[in-house]
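Student: Structure: work16.pdb, PDB, C-alpha atoms and all ligand atoms.
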ATOM      1  CA  MET T   1      76.322  -2.793   1.078  1.00  0.00           C
ATOM      2  CA  MET T   2      77.479  -3.810  -2.350  1.00  0.00           C
ATOM      3  CA  LYS T   3      80.545  -2.246  -3.894  1.00  0.00           C
ATOM      4  CA  ILE T   4      81.150  -2.155  -7.655  1.00  0.00           C
ATOM      5  CA  ASP T   5      84.446  -0.898  -9.061  1.00  0.00           C
ATOM      6  CA  VAL T   6      84.827  -0.281 -12.786  1.00  0.00           C
ATOM      7  CA  LEU T   7      88.193  -0.303 -14.540  1.00  0.00           C
ATOM      8  CA  THR T   8      87.754   1.679 -17.747  1.00  0.00           C
ATOM      9  CA  LEU T   9      89.386   4.164 -20.118  1.00  0.00           C
ATOM     10  CA  PHE T  10      86.112   6.155 -20.159  1.00  0.00           C
ATOM     11  CA  PRO T  11      84.836   6.811 -16.610  1.00  0.00           C
ATOM     12  CA  GLY T  12      82.796   9.773 -17.880  1.00  0.00           C
ATOM     13  CA  MET T  13      80.487   7.412 -19.800  1.00  0.00           C
ATOM     14  CA  PHE T  14      79.355   5.842 -16.512  1.00  0.00           C
ATOM     15  CA  GLU T  15      78.835   9.121 -14.700  1.00  0.00           C
ATOM     16  CA  ALA T  16      76.786  10.437 -17.625  1.00  0.00           C
ATOM     17  CA  VAL T  17      74.518   7.381 -17.846  1.00  0.00           C
ATOM     18  CA  LEU T  18      74.218   6.056 -14.294  1.00  0.00           C
ATOM     19  CA  GLY T  19      74.405   9.347 -12.378  1.00  0.00           C
ATOM     20  CA  ASP T  20      70.835  10.432 -13.127  1.00  0.00           C
ATOM     21  CA  SER T  21      69.270   6.973 -13.028  1.00  0.00           C
ATOM     22  CA  ILE T  22      67.565   4.895 -10.349  1.00  0.00           C
ATOM     23  CA  ILE T  23      70.991   3.344  -9.850  1.00  0.00           C
ATOM     24  CA  GLY T  24      72.516   6.782  -9.209  1.00  0.00           C
ATOM     25  CA  ARG T  25      69.748   7.400  -6.678  1.00  0.00           C
ATOM     26  CA  ALA T  26      70.536   4.088  -4.967  1.00  0.00           C
ATOM     27  CA  ALA T  27      74.183   5.102  -4.694  1.00  0.00           C
ATOM     28  CA  GLU T  28      73.129   8.415  -3.108  1.00  0.00           C
ATOM     29  CA  LYS T  29      70.970   6.476  -0.646  1.00  0.00           C
ATOM     30  CA  GLY T  30      74.008   4.385   0.334  1.00  0.00           C
ATOM     31  CA  LEU T  31      72.577   1.076  -0.929  1.00  0.00           C
ATOM     32  CA  LEU T  32      75.446   0.695  -3.356  1.00  0.00           C
ATOM     33  CA  HIS T  33      78.941   2.076  -3.761  1.00  0.00           C
ATOM     34  CA  LEU T  34      79.952   2.713  -7.383  1.00  0.00           C
ATOM     35  CA  GLN T  35      83.476   3.794  -8.238  1.00  0.00           C
ATOM     36  CA  TYR T  36      85.027   4.368 -11.650  1.00  0.00           C
ATOM     37  CA  THR T  37      88.796   4.109 -12.049  1.00  0.00           C
ATOM     38  CA  ASN T  38      90.567   5.374 -15.149  1.00  0.00           C
ATOM     39  CA  ILE T  39      93.089   2.752 -16.230  1.00  0.00           C
ATOM     40  CA  ARG T  40      95.126   5.474 -17.967  1.00  0.00           C
ATOM     41  CA  ASP T  41      95.882   7.088 -14.583  1.00  0.00           C
ATOM     42  CA  PHE T  42      97.986   3.996 -13.774  1.00  0.00           C
ATOM     43  CA  SER T  43     100.052   3.857 -16.946  1.00  0.00           C
ATOM     44  CA  LEU T  44     103.761   4.097 -16.173  1.00  0.00           C
ATOM     45  CA  ASP T  45     104.482   5.054 -19.786  1.00  0.00           C
ATOM     46  CA  LYS T  46     105.768   8.605 -20.216  1.00  0.00           C
ATOM     47  CA  HIS T  47     102.961   9.334 -22.683  1.00  0.00           C
ATOM     48  CA  LYS T  48     100.377   7.506 -20.517  1.00  0.00           C
ATOM     49  CA  ARG T  49      99.789   4.969 -23.270  1.00  0.00           C
ATOM     50  CA  VAL T  50      97.566   2.017 -22.421  1.00  0.00           C
ATOM     51  CA  ASP T  51      97.667   0.046 -25.691  1.00  0.00           C
ATOM     52  CA  ASP T  52     100.356  -1.537 -27.828  1.00  0.00           C
ATOM     53  CA  TYR T  53     100.857  -3.572 -31.003  1.00  0.00           C
ATOM     54  CA  PRO T  54      99.931  -7.266 -30.897  1.00  0.00           C
ATOM     55  CA  TYR T  55     102.771  -9.797 -30.999  1.00  0.00           C
ATOM     56  CA  GLY T  56     102.586 -11.811 -34.202  1.00  0.00           C
ATOM     57  CA  ALA T  57     101.147  -8.854 -36.111  1.00  0.00           C
ATOM     58  CA  GLY T  58      97.601  -8.907 -37.436  1.00  0.00           C
ATOM     59  CA  GLY T  59      96.616  -5.286 -36.984  1.00  0.00           C
ATOM     60  CA  GLY T  60      94.626  -3.537 -34.280  1.00  0.00           C
ATOM     61  CA  MET T  61      95.876  -2.743 -30.795  1.00  0.00           C
ATOM     62  CA  VAL T  62      95.839  -4.621 -27.500  1.00  0.00           C
ATOM     63  CA  MET T  63      95.421  -3.176 -24.002  1.00  0.00           C
ATOM     64  CA  ALA T  64      98.767  -3.602 -22.282  1.00  0.00           C
ATOM     65  CA  PRO T  65      98.842  -5.528 -19.000  1.00  0.00           C
ATOM     66  CA  GLN T  66     100.756  -3.036 -16.830  1.00  0.00           C
ATOM     67  CA  PRO T  67      98.196  -0.215 -16.491  1.00  0.00           C
ATOM     68  CA  ILE T  68      95.342  -2.680 -15.827  1.00  0.00           C
ATOM     69  CA  TYR T  69      97.325  -4.690 -13.299  1.00  0.00           C
ATOM     70  CA  THR T  70      98.602  -1.628 -11.431  1.00  0.00           C
ATOM     71  CA  ALA T  71      95.057  -0.211 -11.291  1.00  0.00           C
ATOM     72  CA  TYR T  72      93.799  -3.579 -10.007  1.00  0.00           C
ATOM     73  CA  GLN T  73      96.479  -3.646  -7.303  1.00  0.00           C
ATOM     74  CA  HIS T  74      95.500  -0.120  -6.307  1.00  0.00           C
ATOM     75  CA  LEU T  75      91.848  -1.224  -5.882  1.00  0.00           C
ATOM     76  CA  THR T  76      92.629  -4.419  -3.966  1.00  0.00           C
ATOM     77  CA  GLU T  77      95.627  -3.622  -1.763  1.00  0.00           C
ATOM     78  CA  GLY T  78      94.909  -4.314   1.878  1.00  0.00           C
ATOM     79  CA  LEU T  79      91.575  -6.064   1.194  1.00  0.00           C
ATOM     80  CA  GLU T  80      90.898  -9.232   3.184  1.00  0.00           C
ATOM     81  CA  GLU T  81      88.818 -10.821   0.452  1.00  0.00           C
ATOM     82  CA  LYS T  82      89.562 -10.760  -3.267  1.00  0.00           C
ATOM     83  CA  PRO T  83      86.727  -9.039  -5.154  1.00  0.00           C
ATOM     84  CA  HIS T  84      84.979 -11.005  -7.921  1.00  0.00           C
ATOM     85  CA  VAL T  85      86.505  -9.764 -11.188  1.00  0.00           C
ATOM     86  CA  ILE T  86      84.361  -9.754 -14.342  1.00  0.00           C
ATOM     87  CA  TYR T  87      85.705  -9.046 -17.835  1.00  0.00           C
ATOM     88  CA  LEU T  88      83.049  -7.892 -20.332  1.00  0.00           C
ATOM     89  CA  SER T  89      83.744  -9.841 -23.492  1.00  0.00           C
ATOM     90  CA  PRO T  90      81.919 -11.458 -26.421  1.00  0.00           C
ATOM     91  CA  GLN T  91      83.701 -14.656 -25.304  1.00  0.00           C
ATOM     92  CA  GLY T  92      81.847 -14.748 -21.982  1.00  0.00           C
ATOM     93  CA  LYS T  93      78.673 -16.610 -21.051  1.00  0.00           C
ATOM     94  CA  VAL T  94      75.616 -14.652 -22.129  1.00  0.00           C
ATOM     95  CA  PHE T  95      74.232 -12.563 -19.240  1.00  0.00           C
ATOM     96  CA  THR T  96      70.804 -13.477 -17.867  1.00  0.00           C
ATOM     97  CA  GLN T  97      68.426 -12.323 -15.148  1.00  0.00           C
ATOM     98  CA  GLU T  98      69.416 -15.419 -13.185  1.00  0.00           C
ATOM     99  CA  ARG T  99      73.107 -14.445 -13.336  1.00  0.00           C
ATOM    100  CA  ALA T 100      72.278 -10.856 -12.302  1.00  0.00           C
ATOM    101  CA  LYS T 101      70.471 -12.172  -9.247  1.00  0.00           C
ATOM    102  CA  ALA T 102      73.287 -14.555  -8.334  1.00  0.00           C
ATOM    103  CA  LEU T 103      75.946 -11.822  -8.615  1.00  0.00           C
ATOM    104  CA  ALA T 104      73.901  -9.546  -6.342  1.00  0.00           C
ATOM    105  CA  SER T 105      73.461 -12.221  -3.692  1.00  0.00           C
ATOM    106  CA  ASN T 106      76.845 -13.982  -3.834  1.00  0.00           C
ATOM    107  CA  TYR T 107      79.306 -11.090  -3.894  1.00  0.00           C
ATOM    108  CA  SER T 108      79.712  -7.886  -1.915  1.00  0.00           C
ATOM    109  CA  HIS T 109      82.487  -6.488  -4.106  1.00  0.00           C
ATOM    110  CA  LEU T 110      82.685  -6.693  -7.906  1.00  0.00           C
ATOM    111  CA  ILE T 111      85.332  -5.311 -10.235  1.00  0.00           C
ATOM    112  CA  LEU T 112      84.181  -4.873 -13.841  1.00  0.00           C
ATOM    113  CA  LEU T 113      86.996  -4.662 -16.389  1.00  0.00           C
ATOM    114  CA  CYS T 114      86.148  -2.901 -19.663  1.00  0.00           C
ATOM    115  CA  GLY T 115      88.315  -3.709 -22.660  1.00  0.00           C
ATOM    116  CA  HIS T 116      88.913  -1.691 -25.812  1.00  0.00           C
ATOM    117  CA  TYR T 117      90.651  -2.166 -29.150  1.00  0.00           C
ATOM    118  CA  GLU T 118      91.172  -5.878 -29.850  1.00  0.00           C
ATOM    119  CA  GLY T 119      90.929  -6.727 -26.156  1.00  0.00           C
ATOM    120  CA  VAL T 120      93.283  -7.062 -23.207  1.00  0.00           C
ATOM    121  CA  ASP T 121      96.557  -8.972 -22.955  1.00  0.00           C
ATOM    122  CA  GLU T 122      95.669 -12.626 -22.217  1.00  0.00           C
ATOM    123  CA  ARG T 123      97.817 -12.678 -19.066  1.00  0.00           C
ATOM    124  CA  ILE T 124      95.416 -10.204 -17.408  1.00  0.00           C
ATOM    125  CA  ILE T 125      92.564 -12.662 -17.967  1.00  0.00           C
ATOM    126  CA  GLU T 126      94.650 -15.486 -16.514  1.00  0.00           C
ATOM    127  CA  GLU T 127      95.880 -13.494 -13.518  1.00  0.00           C
ATOM    128  CA  ILE T 128      92.906 -11.443 -12.275  1.00  0.00           C
ATOM    129  CA  VAL T 129      89.689 -12.338 -14.147  1.00  0.00           C
ATOM    130  CA  ASP T 130      87.259 -14.747 -12.443  1.00  0.00           C
ATOM    131  CA  GLU T 131      84.460 -14.653 -14.994  1.00  0.00           C
ATOM    132  CA  GLU T 132      83.834 -13.339 -18.522  1.00  0.00           C
ATOM    133  CA  ILE T 133      80.365 -12.004 -19.331  1.00  0.00           C
ATOM    134  CA  SER T 134      78.859 -11.216 -22.733  1.00  0.00           C
ATOM    135  CA  ILE T 135      75.611  -9.262 -23.130  1.00  0.00           C
ATOM    136  CA  GLY T 136      74.933 -10.822 -26.524  1.00  0.00           C
ATOM    137  CA  ASP T 137      76.488 -12.086 -29.713  1.00  0.00           C
ATOM    138  CA  TYR T 138      77.631  -8.845 -31.270  1.00  0.00           C
ATOM    139  CA  VAL T 139      80.810  -6.799 -31.133  1.00  0.00           C
ATOM    140  CA  LEU T 140      80.880  -3.341 -29.573  1.00  0.00           C
ATOM    141  CA  THR T 141      83.655  -0.750 -29.469  1.00  0.00           C
ATOM    142  CA  GLY T 142      84.324  -1.480 -25.824  1.00  0.00           C
ATOM    143  CA  GLY T 143      83.082  -3.103 -22.631  1.00  0.00           C
ATOM    144  CA  GLU T 144      81.540   0.055 -21.145  1.00  0.00           C
ATOM    145  CA  ILE T 145      77.977  -0.414 -22.411  1.00  0.00           C
ATOM    146  CA  PRO T 146      77.960  -4.092 -21.358  1.00  0.00           C
ATOM    147  CA  ALA T 147      79.349  -3.072 -17.936  1.00  0.00           C
ATOM    148  CA  MET T 148      76.516  -0.549 -17.529  1.00  0.00           C
ATOM    149  CA  ALA T 149      73.974  -3.231 -18.428  1.00  0.00           C
ATOM    150  CA  VAL T 150      75.455  -5.555 -15.795  1.00  0.00           C
ATOM    151  CA  ILE T 151      75.568  -2.785 -13.160  1.00  0.00           C
ATOM    152  CA  ASP T 152      71.944  -1.837 -13.820  1.00  0.00           C
ATOM    153  CA  ALA T 153      70.666  -5.421 -13.724  1.00  0.00           C
ATOM    154  CA  VAL T 154      72.678  -6.359 -10.612  1.00  0.00           C
ATOM    155  CA  ALA T 155      72.001  -3.150  -8.680  1.00  0.00           C
ATOM    156  CA  ARG T 156      68.240  -3.401  -9.097  1.00  0.00           C
ATOM    157  CA  MET T 157      68.370  -6.820  -7.388  1.00  0.00           C
ATOM    158  CA  ILE T 158      69.727  -5.182  -4.209  1.00  0.00           C
ATOM    159  CA  PRO T 159      66.922  -4.852  -1.647  1.00  0.00           C
ATOM    160  CA  GLY T 160      65.601  -1.276  -1.516  1.00  0.00           C
ATOM    161  CA  VAL T 161      66.916  -0.153  -4.917  1.00  0.00           C
ATOM    162  CA  VAL T 162      63.686  -0.831  -6.825  1.00  0.00           C
ATOM    163  CA  GLN T 163      60.795   0.288  -4.711  1.00  0.00           C
ATOM    164  CA  HIS T 164      57.558  -0.902  -6.245  1.00  0.00           C
ATOM    165  CA  ALA T 165      55.602  -3.784  -4.736  1.00  0.00           C
ATOM    166  CA  ASN T 166      55.892  -5.995  -7.808  1.00  0.00           C
ATOM    167  CA  ALA T 167      59.669  -5.791  -8.153  1.00  0.00           C
ATOM    168  CA  GLU T 168      59.929  -9.520  -7.496  1.00  0.00           C
ATOM    169  CA  SER T 169      57.310 -10.646 -10.016  1.00  0.00           C
ATOM    170  CA  GLU T 170      58.681  -8.912 -13.056  1.00  0.00           C
ATOM    171  CA  SER T 171      59.439 -10.063 -16.534  1.00  0.00           C
ATOM    172  CA  LEU T 172      61.844 -13.012 -16.593  1.00  0.00           C
ATOM    173  CA  GLU T 173      61.841 -13.375 -12.809  1.00  0.00           C
ATOM    174  CA  ASN T 174      59.539 -16.362 -13.256  1.00  0.00           C
ATOM    175  CA  GLY T 175      61.129 -17.299 -16.591  1.00  0.00           C
ATOM    176  CA  LEU T 176      58.230 -15.726 -18.517  1.00  0.00           C
ATOM    177  CA  LEU T 177      57.672 -12.461 -20.354  1.00  0.00           C
ATOM    178  CA  GLU T 178      55.601  -9.729 -18.730  1.00  0.00           C
ATOM    179  CA  TYR T 179      51.835  -9.615 -19.283  1.00  0.00           C
ATOM    180  CA  PRO T 180      50.338  -6.614 -21.157  1.00  0.00           C
ATOM    181  CA  GLN T 181      50.067  -3.381 -19.151  1.00  0.00           C
ATOM    182  CA  TYR T 182      47.445  -0.642 -19.427  1.00  0.00           C
ATOM    183  CA  THR T 183      46.833   2.705 -17.825  1.00  0.00           C
ATOM    184  CA  ARG T 184      44.139   5.371 -18.307  1.00  0.00           C
ATOM    185  CA  PRO T 185      42.114   6.094 -20.374  1.00  0.00           C
ATOM    186  CA  PRO T 186      39.896   2.970 -20.506  1.00  0.00           C
ATOM    187  CA  GLU T 187      39.548   3.441 -24.267  1.00  0.00           C
ATOM    188  CA  PHE T 188      42.218   4.827 -26.630  1.00  0.00           C
ATOM    189  CA  LEU T 189      41.978   5.001 -30.446  1.00  0.00           C
ATOM    190  CA  GLY T 190      38.960   2.720 -30.125  1.00  0.00           C
ATOM    191  CA  ARG T 191      40.977   0.101 -28.235  1.00  0.00           C
ATOM    192  CA  LYS T 192      39.571  -0.935 -24.875  1.00  0.00           C
ATOM    193  CA  VAL T 193      41.398  -2.024 -21.765  1.00  0.00           C
ATOM    194  CA  PRO T 194      40.409  -5.690 -21.149  1.00  0.00           C
ATOM    195  CA  ASP T 195      37.295  -5.834 -18.921  1.00  0.00           C
ATOM    196  CA  VAL T 196      38.892  -8.140 -16.374  1.00  0.00           C
ATOM    197  CA  LEU T 197      41.417  -5.410 -15.416  1.00  0.00           C
ATOM    198  CA  LEU T 198      38.576  -2.995 -14.634  1.00  0.00           C
ATOM    199  CA  SER T 199      36.596  -5.630 -12.729  1.00  0.00           C
ATOM    200  CA  GLY T 200      38.450  -5.300  -9.428  1.00  0.00           C
ATOM    201  CA  HIS T 201      38.402  -9.108  -9.171  1.00  0.00           C
ATOM    202  CA  HIS T 202      41.960  -9.716  -7.994  1.00  0.00           C
ATOM    203  CA  ALA T 203      42.072 -13.509  -8.382  1.00  0.00           C
ATOM    204  CA  GLU T 204      40.706 -13.249 -11.940  1.00  0.00           C
ATOM    205  CA  ILE T 205      43.299 -10.577 -12.776  1.00  0.00           C
ATOM    206  CA  VAL T 206      46.156 -12.763 -11.496  1.00  0.00           C
ATOM    207  CA  LYS T 207      44.852 -15.684 -13.583  1.00  0.00           C
ATOM    208  CA  TRP T 208      44.458 -13.530 -16.717  1.00  0.00           C
ATOM    209  CA  ARG T 209      47.953 -12.074 -16.368  1.00  0.00           C
ATOM    210  CA  HIS T 210      49.550 -15.491 -15.949  1.00  0.00           C
ATOM    211  CA  GLN T 211      47.676 -16.760 -19.020  1.00  0.00           C
ATOM    212  CA  LYS T 212      48.853 -13.751 -21.066  1.00  0.00           C
ATOM    213  CA  SER T 213      52.442 -14.244 -19.873  1.00  0.00           C
ATOM    214  CA  LEU T 214      52.350 -17.848 -21.059  1.00  0.00           C
ATOM    215  CA  GLU T 215      50.789 -16.944 -24.428  1.00  0.00           C
ATOM    216  CA  ARG T 216      53.297 -14.175 -25.083  1.00  0.00           C
ATOM    217  CA  THR T 217      56.288 -16.219 -24.102  1.00  0.00           C
ATOM    218  CA  ALA T 218      55.166 -19.060 -26.395  1.00  0.00           C
ATOM    219  CA  LYS T 219      54.651 -16.588 -29.247  1.00  0.00           C
ATOM    220  CA  LYS T 220      57.610 -14.216 -28.865  1.00  0.00           C
ATOM    221  CA  ARG T 221      60.252 -16.207 -27.006  1.00  0.00           C
ATOM    222  CA  PRO T 222      59.538 -19.934 -27.304  1.00  0.00           C
ATOM    223  CA  ASP T 223      63.209 -20.543 -26.413  1.00  0.00           C
ATOM    224  CA  LEU T 224      62.399 -19.505 -22.830  1.00  0.00           C
ATOM    225  CA  LEU T 225      59.909 -22.372 -22.509  1.00  0.00           C
ATOM    226  CA  ALA T 226      62.191 -25.002 -24.016  1.00  0.00           C
ATOM    227  CA  PRO T 227      64.210 -27.117 -21.603  1.00  0.00           C
ATOM    228  CA  LYS T 228      67.663 -25.535 -21.169  1.00  0.00           C
ATOM    229  CA  ALA T 229      70.564 -27.140 -22.984  1.00  0.00           C
ATOM    230  CA  GLU T 230      73.600 -28.233 -20.892  1.00  0.00           C
TER     231      GLU T 230
HETATM  232  C1  LIG B 301      81.312  -7.316 -24.375  1.00  0.00           C
HETATM  233  C2  LIG B 301      80.244  -7.321 -26.498  1.00  0.00           C
HETATM  234  C3  LIG B 301      80.240  -8.010 -23.874  1.00  0.00           C
HETATM  235  C4  LIG B 301      79.195  -8.014 -25.937  1.00  0.00           C
HETATM  236  C5  LIG B 301      83.554  -5.763 -25.551  1.00  0.00           C
HETATM  237  C6  LIG B 301      83.795  -5.284 -27.655  1.00  0.00           C
HETATM  238  C7  LIG B 301      81.325  -6.963 -25.701  1.00  0.00           C
HETATM  239  C8  LIG B 301      82.476  -6.243 -26.250  1.00  0.00           C
HETATM  240  N1  LIG B 301      79.209  -8.342 -24.645  1.00  0.00           N
HETATM  241  N2  LIG B 301      82.633  -5.938 -27.553  1.00  0.00           N
HETATM  242  N3  LIG B 301      84.347  -5.177 -26.459  1.00  0.00           N
END
Now, as a test, write the supplied structure out as C-alpha cells.
Tutor:
Amino acid sequence: MMKIDVLTLFPGMFEAVLGDSIIGRAAEKGLLHLQYTNIRDFSLDKHKRVDDYPYGAGGGMVMAPQPIYTAYQHLTEGLEEKPHVIYLSPQGKVFTQERAKALASNYSHLILLCGHYEGVDERIIEEIVDEEISIGDYVLTGGEIPAMAVIDAVARMIPGVVQHANAESESLENGLLEYPQYTRPPEFLGRKVPDVLLSGHHAEIVKWRHQKSLERTAKKRPDLLAPKAE
C-alpha cells in the first residue's frame, strides 16, 4: 500500500478536491493512504506564524524552516525508511507520465511539501527535500494544485485504482496522444462515426487507432515524436 503525506497550509483544499474523486474512492478501498498535515499546527510561534521576512530584503515573505521541519519530524519519527520528499516548485523538473509511473513503482511513502509566498527557506530544501517537481512553466499561488496533480497521476498508476481494461494503453503511456473516441449515436449533427469502429473488425480497429494516434501526435504535439534532449 502506498502512503502519501502532504505538508500544506491548506489541507482543506485536498479534502475538497480529492475526497469525491476516483482517488478518494481508492483511499476508501485501502489501495492508498492519503494524509494531510497542516504545517501551521507545528509552529512554535505564539501567534502560530509560519512565514517571515526574507533576509536581504526584496519584499514578499518566506516560509520559515521551523514549522516545516517540526512537522516533517512528526511524520517521520520512528520510521525505518526515510520517505521520498518532493517539493512542488517551478524550479523542479517538469512532471511527466513517465515520472508518475516511476514514483508509483519506486516508493511506498511520499511526502509532498507545498510552498507558499516566495517559497520555503533554502535550508529546508537542503535538509529534507529529495526532489523538486514542477507541473509546468508558470507561477501559481502555492504548491497545492501541483501536489494534487502529482497525487492524481501517481495514484492512478497503483494497481486497482483505475479499473477499466485499457488503463495501460492510455494517452502518453506509449508516448503518443490518444486516438479519437466516439459513443452513440452513430450520427450526430451530420457527423458520422468512422465505419471501421462499427465494423466489429478488431484488428482493423487497432490499426486505425494506432494510425490516428500517430497522425494526431505529429499534428498537435510533434515534440513528443522528436528524440529527447539530454
Ligand atoms: C509548483 C508551479 C510546481 C508549477 C509553487 C508557486 C509551482 C508553484 N509547478 N508556483 N508555488
Student: Neighbours of ligand LIG 301 (chain B) at 7 Å or closer, counting all atoms listed in the file: which residues, as a PyMOL selection string?
Tutor: chain T and resi 88-90+115-116+119+133-143+146
Student: Around the point (69.6, 7.2, -10.3) in the file's coordinates, collect all residues with an atom within 12 Å, using all atoms listed in the file, and return them as a PyMOL selection string.
Tutor: chain T and resi 14-32+34+151-152+155-156+161-162
Student: For the interface of region 126-163 of chain T with region 100-106 of chain T (cut-off 7 Å, counting all atoms listed in the file), please tabulate each contacting residue of region 126-163 of chain T alongside its nearest pair of atoms and their separation in Å to one decimal, rows sorted by chain and increasing number, as JSON lines.
Tutor:
{"residue": "T:Ala153", "atom": "CA", "partner": "T:Ala100", "partner_atom": "CA", "distance": 5.8}
{"residue": "T:Val154", "atom": "CA", "partner": "T:Ala100", "partner_atom": "CA", "distance": 4.8}
{"residue": "T:Met157", "atom": "CA", "partner": "T:Lys101", "partner_atom": "CA", "distance": 6.0}
{"residue": "T:Ile158", "atom": "CA", "partner": "T:Ala104", "partner_atom": "CA", "distance": 6.4}
Student: Tell me, in Å to one decimal, how far CA of Ile111 (chain T) is from CA of Ala64 (chain T).
Tutor: 18.1 Å
Student: Just give me the gap between CA of Val85 (chain T) and CA of Asp223 (chain T) in Å, one decimal is fine.
Tutor: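 Interatomic distance, CA of Val85 (chain T) to CA of Asp223 (chain T): 29.8 Å.
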Student: Check the smallest atom-to-atom distance from each of T:Ile4, T:Pro227, T:Ile205, T:Pro54 to Tyr107 (chain T) using only C-alpha atoms, then report the winner.
Tutor: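 Checking each of T:Ile4, T:Pro227, T:Ile205, T:Pro54 against Tyr107 (chain T), counting only C-alpha atoms, the winner is T:Ile4.
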Student: Let me know the residues the PyMOL selection byres (((chain T and resi 61) around 10) and not hetatm) catches in the file above, as a list in words.
Tutor: Val50, Asp51, Asp52, Tyr53, Pro54, Tyr55, Ala57, Gly58, Gly59, Gly60, Val62, Met63, Ala64, His116, Tyr117, Glu118, Gly119 and Val120 of chain T
